[in-house]
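Visitor: mmCIF, C-alpha atoms, file protein.cif:
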```cif
data_upload
#
loop_
_atom_site.group_PDB
_atom_site.id
_atom_site.type_symbol
_atom_site.label_atom_id
_atom_site.label_comp_id
_atom_site.auth_asym_id
_atom_site.auth_seq_id
_atom_site.Cartn_x
_atom_site.Cartn_y
_atom_site.Cartn_z
ATOM 1 C CA MET D 1 -101.541 -95.618 154.540
ATOM 2 C CA LEU D 2 -104.437 -96.884 152.506
ATOM 3 C CA LEU D 3 -107.834 -97.076 154.165
ATOM 4 C CA THR D 4 -110.792 -98.606 152.396
ATOM 5 C CA ILE D 5 -114.316 -98.093 153.663
ATOM 6 C CA ASP D 6 -117.233 -99.752 151.928
ATOM 7 C CA LEU D 7 -120.416 -97.734 152.352
ATOM 8 C CA PRO D 8 -123.890 -98.690 151.170
ATOM 9 C CA ASP D 9 -124.768 -97.246 147.763
ATOM 10 C CA ASN D 10 -127.923 -95.627 149.137
ATOM 11 C CA LEU D 11 -126.078 -93.677 151.829
ATOM 12 C CA PRO D 12 -126.596 -89.947 151.194
ATOM 13 C CA VAL D 13 -122.936 -88.945 151.583
ATOM 14 C CA THR D 14 -120.144 -88.539 149.108
ATOM 15 C CA GLU D 15 -116.508 -89.501 149.388
ATOM 16 C CA ALA D 16 -115.751 -85.805 149.857
ATOM 17 C CA ASP D 17 -118.155 -85.655 152.814
ATOM 18 C CA VAL D 18 -116.488 -88.653 154.446
ATOM 19 C CA ARG D 19 -112.997 -87.203 153.898
ATOM 20 C CA ILE D 20 -114.004 -83.893 155.468
ATOM 21 C CA GLU D 21 -115.622 -85.492 158.508
ATOM 22 C CA LEU D 22 -112.670 -87.821 159.007
ATOM 23 C CA ALA D 23 -110.247 -84.910 158.728
ATOM 24 C CA ILE D 24 -112.191 -82.944 161.329
ATOM 25 C CA VAL D 25 -112.265 -85.832 163.790
ATOM 26 C CA LEU D 26 -108.559 -86.586 163.355
ATOM 27 C CA TYR D 27 -107.735 -82.885 163.779
ATOM 28 C CA GLN D 28 -109.845 -82.661 166.948
ATOM 29 C CA GLN D 29 -108.110 -85.723 168.360
ATOM 30 C CA HIS D 30 -104.718 -84.128 167.604
ATOM 31 C CA ASN D 31 -103.859 -86.983 165.238
ATOM 32 C CA LEU D 32 -103.425 -84.625 162.272
ATOM 33 C CA SER D 33 -102.026 -81.124 162.067
ATOM 34 C CA LEU D 34 -104.131 -78.418 160.473
ATOM 35 C CA ASP D 35 -102.348 -78.657 157.130
ATOM 36 C CA LYS D 36 -102.488 -82.465 157.017
ATOM 37 C CA ALA D 37 -106.190 -82.449 157.933
ATOM 38 C CA ALA D 38 -106.869 -79.907 155.186
ATOM 39 C CA GLN D 39 -104.942 -82.098 152.761
ATOM 40 C CA LEU D 40 -107.045 -85.133 153.748
ATOM 41 C CA ALA D 41 -110.210 -83.074 153.282
ATOM 42 C CA VAL D 42 -108.903 -81.940 149.867
ATOM 43 C CA MET D 43 -109.314 -78.315 150.887
ATOM 44 C CA SER D 44 -107.033 -75.352 151.241
ATOM 45 C CA VAL D 45 -105.805 -74.731 154.771
ATOM 46 C CA ASP D 46 -107.729 -71.441 154.865
ATOM 47 C CA ASP D 47 -110.983 -73.094 153.746
ATOM 48 C CA PHE D 48 -110.562 -75.960 156.208
ATOM 49 C CA TYR D 49 -109.828 -73.506 159.033
ATOM 50 C CA GLN D 50 -112.943 -71.517 158.103
ATOM 51 C CA LEU D 51 -114.957 -74.754 158.232
ATOM 52 C CA LEU D 52 -113.615 -75.367 161.740
ATOM 53 C CA ILE D 53 -114.669 -71.844 162.711
ATOM 54 C CA ASP D 54 -118.120 -72.317 161.165
ATOM 55 C CA ARG D 55 -118.595 -75.507 163.172
ATOM 56 C CA HIS D 56 -117.381 -73.809 166.369
ATOM 57 C CA ILE D 57 -114.410 -76.178 166.667
ATOM 58 C CA VAL D 58 -111.890 -73.334 166.757
ATOM 59 C CA THR D 59 -112.376 -69.723 167.761
ATOM 60 C CA PRO D 60 -111.525 -67.048 165.235
ATOM 61 C CA PRO D 61 -108.978 -64.446 166.300
ATOM 62 C CA ALA D 62 -110.415 -61.405 168.094
ATOM 63 C CA ASP D 63 -108.560 -59.071 165.742
ATOM 64 C CA ILE D 64 -109.254 -59.790 162.083
ATOM 65 C CA ASP D 65 -105.682 -58.742 161.220
ATOM 66 C CA ASP D 66 -104.177 -61.386 163.534
ATOM 67 C CA GLU D 67 -103.496 -64.647 161.783
ATOM 68 C CA PRO D 68 -103.814 -67.634 164.129
ATOM 69 C CA ALA D 69 -100.550 -69.391 164.934
ATOM 70 C CA GLU D 70 -101.983 -72.633 163.529
ATOM 71 C CA LEU D 71 -102.426 -71.048 160.114
ATOM 72 C CA VAL D 72 -98.939 -69.548 160.184
ATOM 73 C CA LEU D 73 -97.405 -72.917 161.095
ATOM 74 C CA ALA D 74 -99.445 -74.728 158.440
ATOM 75 C CA SER D 75 -98.301 -72.211 155.844
ATOM 76 C CA LEU D 76 -94.675 -72.640 156.872
ATOM 77 C CA ARG D 77 -94.935 -76.443 156.707
ATOM 78 C CA THR D 78 -96.517 -76.215 153.252
ATOM 79 C CA SER D 79 -93.776 -73.848 152.089
ATOM 80 C CA LEU D 80 -91.050 -76.154 153.399
ATOM 81 C CA GLN D 81 -92.642 -79.117 151.642
ATOM 82 C CA GLN D 82 -92.764 -77.155 148.383
ATOM 83 C CA ILE D 83 -89.086 -76.280 148.760
ATOM 84 C CA LYS D 84 -88.221 -79.941 149.323
ATOM 85 C CA GLU D 85 -90.148 -80.813 146.153
ATOM 86 C CA GLY D 86 -88.276 -78.150 144.197
ATOM 87 C CA LYS D 87 -91.361 -75.988 143.718
ATOM 88 C CA VAL D 88 -89.584 -72.669 144.080
ATOM 89 C CA HIS D 89 -89.638 -69.406 142.161
ATOM 90 C CA PRO D 90 -86.758 -67.016 141.564
ATOM 91 C CA ILE D 91 -86.755 -64.008 143.869
ATOM 92 C CA SER D 92 -86.916 -61.795 140.783
ATOM 93 C CA GLU D 93 -90.476 -63.109 140.213
ATOM 94 C CA LEU D 94 -91.590 -62.704 143.809
ATOM 95 C CA TRP D 95 -93.263 -59.334 143.408
ATOM 96 C CA ASP D 96 -94.372 -59.659 139.763
ATOM 97 C CA GLY D 97 -97.859 -58.268 139.298
ATOM 98 C CA THR D 98 -98.135 -56.645 142.719
ATOM 99 C CA ASP D 99 -97.850 -53.081 141.452
ATOM 100 C CA ASP D 100 -101.058 -53.221 139.403
#
```
Would you write the structure of this file as structure tokens?

Guide:
Amino acid sequence: MLLTIDLPDNLPVTEADVRIELAIVLYQQHNLSLDKAAQLAVMSVDDFYQLLIDRHIVTPPADIDDEPAELVLASLRTSLQQIKEGKVHPISELWDGTDD
């Protein structure tokens, strides 16, 4: 879908600002999943989720080691999309550089 919005030149917002605000509203209205909203905002899922926390839209997990289900699902959807696009790495490379 292509959406065009003409804003006055003297408006003190950028395209990035508009994308972020639109992503937040669509996420709050359950029109976009977390990963799709982050994509619209041109942010990583983790950064977008932190923005939602900072704005008190979502509550962070009580235990810092617990990853919210929304983030897990968004990560899985992103991984599946990468697989469909052929963006995979051999298992032999999976742990490269982790023993440093």

Visitor: Take CA of Ala41 in chain D and CA of Ala16 in chain D and report the distance between them in Å, one decimal.

Guide: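 Interatomic distance, CA of Ala41 in chain D to CA of Ala16 in chain D: 7.1 Å.
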
Visitor: Find the spatial neighbours of range 74-77 of chain D, counting only C-alpha atoms, within a cut-off of 8 Å - ignore same-chain residues fewer than 5 positions away - and output them as a PyMOL selection string.

Guide: chain D and resi 33-35+45

Visitor: When the PyMOL selection byres ((chain D and resi 22) around 12) is applied to the structure above, which residues does it catch, written out as a PyMOL selection string?

Guide: chain D and resi 3+5+15-21+23-29+31-32+36-42

Visitor: Between CA of Gly97 in chain D and CA of Phe48 in chain D, what is the distance in Å, rounded to a tenth?

Guide: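 Atom-to-atom, CA of Gly97 in chain D to CA of Phe48 in chain D, that is 27.6 Å.
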
Visitor: Which value, in Å to one decimal, gives the distance between CA of Asp47 in chain D and CA of Val72 in chain D?

Guide: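 Between CA of Asp47 in chain D and CA of Val72 in chain D the gap works out to 14.1 Å.
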
Visitor: How big is the axis-aligned box around the listed atoms of range 45-56 of chain D once 5 Å is added on each side, and where is its centre? Give both in Å to one decimal, as AutoDock Vina command-line options.

Guide:
```
--center_x -112.2 --center_y -73.7 --center_z 160.1 --size_x 22.8 --size_y 14.5 --size_z 22.6
```

Visitor: Missing atoms in range 61-76 of chain D: can you complete it with N, CA, C and O atoms, as a short mmCIF file (atom, residue, chain, number, x, y, z; two decimals), in the frame of the given file?

Guide:
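So the final result, stored in rebuild.cif, reads:
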```cif
data_model
loop_
_atom_site.label_atom_id
_atom_site.label_comp_id
_atom_site.auth_asym_id
_atom_site.auth_seq_id
_atom_site.Cartn_x
_atom_site.Cartn_y
_atom_site.Cartn_z
N PRO D 61 -109.72 -65.45 165.54
CA PRO D 61 -108.98 -64.45 166.30
C PRO D 61 -109.86 -63.22 166.58
O PRO D 61 -110.73 -62.89 165.77
N ALA D 62 -109.63 -62.59 167.72
CA ALA D 62 -110.42 -61.40 168.09
C ALA D 62 -110.17 -60.26 167.12
O ALA D 62 -111.08 -59.54 166.75
N ASP D 63 -108.93 -60.12 166.70
CA ASP D 63 -108.56 -59.07 165.74
C ASP D 63 -108.45 -59.70 164.36
O ASP D 63 -107.68 -60.65 164.16
N ILE D 64 -109.22 -59.21 163.42
CA ILE D 64 -109.25 -59.79 162.08
C ILE D 64 -107.89 -59.76 161.40
O ILE D 64 -107.60 -60.56 160.51
N ASP D 65 -107.02 -58.83 161.82
CA ASP D 65 -105.68 -58.74 161.22
C ASP D 65 -104.70 -59.74 161.81
O ASP D 65 -103.61 -59.92 161.28
N ASP D 66 -105.05 -60.38 162.92
CA ASP D 66 -104.18 -61.39 163.53
C ASP D 66 -104.43 -62.73 162.89
O ASP D 66 -105.55 -63.23 162.86
N GLU D 67 -103.37 -63.32 162.36
CA GLU D 67 -103.50 -64.65 161.78
C GLU D 67 -103.17 -65.67 162.87
O GLU D 67 -102.13 -65.57 163.52
N PRO D 68 -104.06 -66.64 163.09
CA PRO D 68 -103.81 -67.63 164.13
C PRO D 68 -102.50 -68.38 163.91
O PRO D 68 -102.11 -68.64 162.77
N ALA D 69 -101.84 -68.69 165.01
CA ALA D 69 -100.55 -69.39 164.93
C ALA D 69 -100.67 -70.69 164.14
O ALA D 69 -99.75 -71.05 163.41
N GLU D 70 -101.80 -71.38 164.27
CA GLU D 70 -101.98 -72.63 163.53
C GLU D 70 -101.90 -72.42 162.02
O GLU D 70 -101.32 -73.23 161.31
N LEU D 71 -102.48 -71.33 161.55
CA LEU D 71 -102.43 -71.05 160.11
C LEU D 71 -101.02 -70.68 159.68
O LEU D 71 -100.57 -71.08 158.60
N VAL D 72 -100.32 -69.93 160.50
CA VAL D 72 -98.94 -69.55 160.18
C VAL D 72 -98.07 -70.80 160.10
O VAL D 72 -97.31 -70.98 159.15
N LEU D 73 -98.20 -71.69 161.09
CA LEU D 73 -97.40 -72.92 161.10
C LEU D 73 -97.75 -73.81 159.91
O LEU D 73 -96.87 -74.40 159.28
N ALA D 74 -99.03 -73.91 159.59
CA ALA D 74 -99.44 -74.73 158.44
C ALA D 74 -98.87 -74.16 157.16
O ALA D 74 -98.39 -74.91 156.29
N SER D 75 -98.87 -72.85 157.03
CA SER D 75 -98.30 -72.21 155.84
C SER D 75 -96.80 -72.47 155.74
O SER D 75 -96.28 -72.75 154.66
N LEU D 76 -96.12 -72.38 156.87
CA LEU D 76 -94.68 -72.64 156.87
C LEU D 76 -94.38 -74.09 156.50
O LEU D 76 -93.46 -74.35 155.72
#
```
